[in-house]
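Enquirer: Structure below; questions to follow.
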Amino acid sequence: MDPHSATIEQDIAFGFNVSAPAVLQQPAAEVAFETDAKDIDLCRLAANGNLAAFELVYERYHRRTYSLCLRMTANPTEAEDLTQEVFIQLFRKIGSFRGDSAFSTWLHRLTVNQVLMHFRRRSVKSERTSEDGEIPERPVSGTANPNKMAVVDRIALKNAIRQLPNGYRKVFVLHDVEGFEHEEVARMMGISVGTSKSQLHKARLKLRGLLLERQD
């Protein structure tokens with residue numbers, strides 16, 4: 001079987017339907033590994049064509065990848081599609097992971113970039129906000145650490161986040177939920193640091209209003 005056909009069959013094995021061949025090394029003989037193998041070892045095996053290794057990476061990370069996509073899009077269908085796109089990209093690029101950072105961090109950034117590319121492809125109309133970066137940042141009550149909130153409050157917060165305009169929601173999720181600094185958010189979204197701060201401030205105000213409405 002020629003290399004092109006081999007990579008296409010590997011894509012199909014994971015339910016991926018892509019027209020361009022994945023850039024991987026020639027598949028090597030399957031190498032046995034433990035289910036608790038390190039991510040870096042699994043990546044090296046997968047880069048050499050070990051499908052079982054890639055499948056284990058998928059099993060470890062597909063749920064958190066889907067959760068991140070869902071938080072950024074607030075749309076389950078889009079989140080499912082984007083999760084598949086992320087793992088298609090991962091399948092192609094897994095050989096480029098060198099272990100300089102945690103694999104989860106590397107995959108997180110790959111996922112964020114994929115979602116932002118999706119937004120750009122859709123040509124979502126950008127929110128026009130002030131460039132003033134000096135607006136004080138006041139966290140929404142109860143959102144400093146969503147993981148420590150009561151279940152009912154977390155549900156209310158998630159529902160409120162879904163109601164935010166796209167620009168506000170993306171900045172809020174990246175900064176307040178995922179922990180990126182404004183400089184990183186600005187770079188990933190292609191906006192200025194001032195716009196990132198402004199949109200975060202307005203997102204927090206909007207969330208505060210939505211949560212107060214719920215209390216009333």
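Following the order of the structure tokens, chains are lettered A, B, ..., residues in each are numbered from 1, and ligands are numbered from 1.
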Near stretch 74-78 of chain A, counting only C-alpha atoms, which residues have an atom at most 9 Å away, once you skip same-chain residues fewer than 4 positions from it, shown as a PyMOL selection string?
Expert: chain A and resi 66+69-70+82-83+158-159+161-163+169
Enquirer: Given the selection you just returned, output its residues as a file containing N, CA and C atoms, formatted as a PDB file, in the first residue's frame.
Expert:
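File written: result.pdb
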```pdb
ATOM      1  N   TYR A  66     -13.554  18.843  24.111  1.00  0.00           N
ATOM      2  CA  TYR A  66     -14.943  19.186  23.801  1.00  0.00           C
ATOM      3  C   TYR A  66     -15.462  20.250  24.772  1.00  0.00           C
ATOM      4  N   CYS A  69     -14.159  23.627  23.743  1.00  0.00           N
ATOM      5  CA  CYS A  69     -14.849  24.089  22.536  1.00  0.00           C
ATOM      6  C   CYS A  69     -16.266  24.551  22.871  1.00  0.00           C
ATOM      7  N   LEU A  70     -16.930  23.834  23.771  1.00  0.00           N
ATOM      8  CA  LEU A  70     -18.296  24.198  24.137  1.00  0.00           C
ATOM      9  C   LEU A  70     -18.325  25.515  24.892  1.00  0.00           C
ATOM     10  N   LEU A  82     -15.845  20.960  16.083  1.00  0.00           N
ATOM     11  CA  LEU A  82     -14.525  21.527  16.335  1.00  0.00           C
ATOM     12  C   LEU A  82     -13.625  20.537  17.059  1.00  0.00           C
ATOM     13  N   THR A  83     -14.213  19.737  17.945  1.00  0.00           N
ATOM     14  CA  THR A  83     -13.420  18.710  18.634  1.00  0.00           C
ATOM     15  C   THR A  83     -12.831  17.742  17.614  1.00  0.00           C
ATOM     16  N   LYS A 158     -23.088  29.376  33.590  1.00  0.00           N
ATOM     17  CA  LYS A 158     -22.907  28.850  32.233  1.00  0.00           C
ATOM     18  C   LYS A 158     -24.004  29.359  31.306  1.00  0.00           C
ATOM     19  N   ASN A 159     -25.242  29.388  31.804  1.00  0.00           N
ATOM     20  CA  ASN A 159     -26.347  29.893  30.994  1.00  0.00           C
ATOM     21  C   ASN A 159     -26.155  31.372  30.673  1.00  0.00           C
ATOM     22  N   ILE A 161     -23.249  32.967  30.525  1.00  0.00           N
ATOM     23  CA  ILE A 161     -22.131  33.103  29.587  1.00  0.00           C
ATOM     24  C   ILE A 161     -22.605  32.874  28.158  1.00  0.00           C
ATOM     25  N   ARG A 162     -23.518  31.922  27.978  1.00  0.00           N
ATOM     26  CA  ARG A 162     -24.027  31.638  26.636  1.00  0.00           C
ATOM     27  C   ARG A 162     -24.784  32.827  26.045  1.00  0.00           C
ATOM     28  N   GLN A 163     -25.289  33.703  26.907  1.00  0.00           N
ATOM     29  CA  GLN A 163     -26.068  34.845  26.432  1.00  0.00           C
ATOM     30  C   GLN A 163     -25.187  36.044  26.077  1.00  0.00           C
ATOM     31  N   ARG A 169     -17.927  36.943  25.120  1.00  0.00           N
ATOM     32  CA  ARG A 169     -17.831  35.570  25.634  1.00  0.00           C
ATOM     33  C   ARG A 169     -16.435  34.995  25.413  1.00  0.00           C
TER      34      ARG A 169
END
```
Enquirer: What gap, in Å, lies between atom CA of A:Phe54 and atom CA of A:Thr105?
Expert: 17.3 Å
Enquirer: Between A:Glu213, A:Asp100, A:Glu184, A:Glu178, which is the closest to A:Ala160 once you count only C-alpha atoms?
Expert: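 Nearest candidate to A:Ala160 out of A:Glu213, A:Asp100, A:Glu184, A:Glu178: A:Glu213.
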Enquirer: For each of A:Ala47, A:Ile155, A:Leu68, A:Met188, take the minimum atom-to-atom distance to A:Arg92, counting only C-alpha atoms, then give the residue where this is smallest.
Expert: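 Among the listed residues, the smallest separation from A:Arg92 belongs to A:Ala47.
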Enquirer: Please indicate the distance in Å from atom CA of A:Ala32 to atom CA of A:Thr111, rounded to one decimal place.
Expert: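 These two atoms are separated by 28.6 Å.
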Enquirer: What are the DSSP alpha helix (DSSP H) residues of stretch 46-212 of chain A, as a PyMOL selection string?
Expert: chain A and resi 46-47+51-73+76-93+103-121+151-162+166-172+182-189+193-212
Enquirer: Do you know which residues are at most 12 Å from A:Ser101 counting only C-alpha atoms, after dropping those on the same chain fewer than 5 positions away, and could you put them as a compact mmCIF listing (two decimals) with N, CA and C atoms, in the first residue's frame?
Expert:
```
# COMPACT_ATOMS: atom_id res chain seq x y z
N ASP A 39 2.45 11.02 28.15
CA ASP A 39 1.94 11.64 26.92
C ASP A 39 3.02 11.75 25.85
N ILE A 40 4.22 12.15 26.25
CA ILE A 40 5.28 12.35 25.28
C ILE A 40 5.62 11.05 24.57
N TRP A 106 -0.10 22.24 25.48
CA TRP A 106 0.11 22.30 24.02
C TRP A 106 -1.20 22.04 23.29
N LEU A 107 -1.96 21.03 23.73
CA LEU A 107 -3.23 20.71 23.09
C LEU A 107 -4.25 21.81 23.34
N HIS A 108 -4.21 22.40 24.54
CA HIS A 108 -5.12 23.50 24.86
C HIS A 108 -4.95 24.65 23.88
N ARG A 109 -3.70 25.01 23.61
CA ARG A 109 -3.44 26.11 22.69
C ARG A 109 -3.83 25.73 21.26
```
Enquirer: I need the residue nearest A:Glu59 from this list: A:Ala79, A:Arg71, A:Phe87, A:Val115. Use only C-alpha atoms for the distance.
Expert: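 For A:Glu59, the nearest of the given residues is A:Phe87.
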Enquirer: Have a look at A:Ala102, A:Met72, A:Met117, A:Val112 and name the one nearest to A:Gly167; count only C-alpha atoms.
Expert: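 Result for the nearest residue to A:Gly167: A:Met72.
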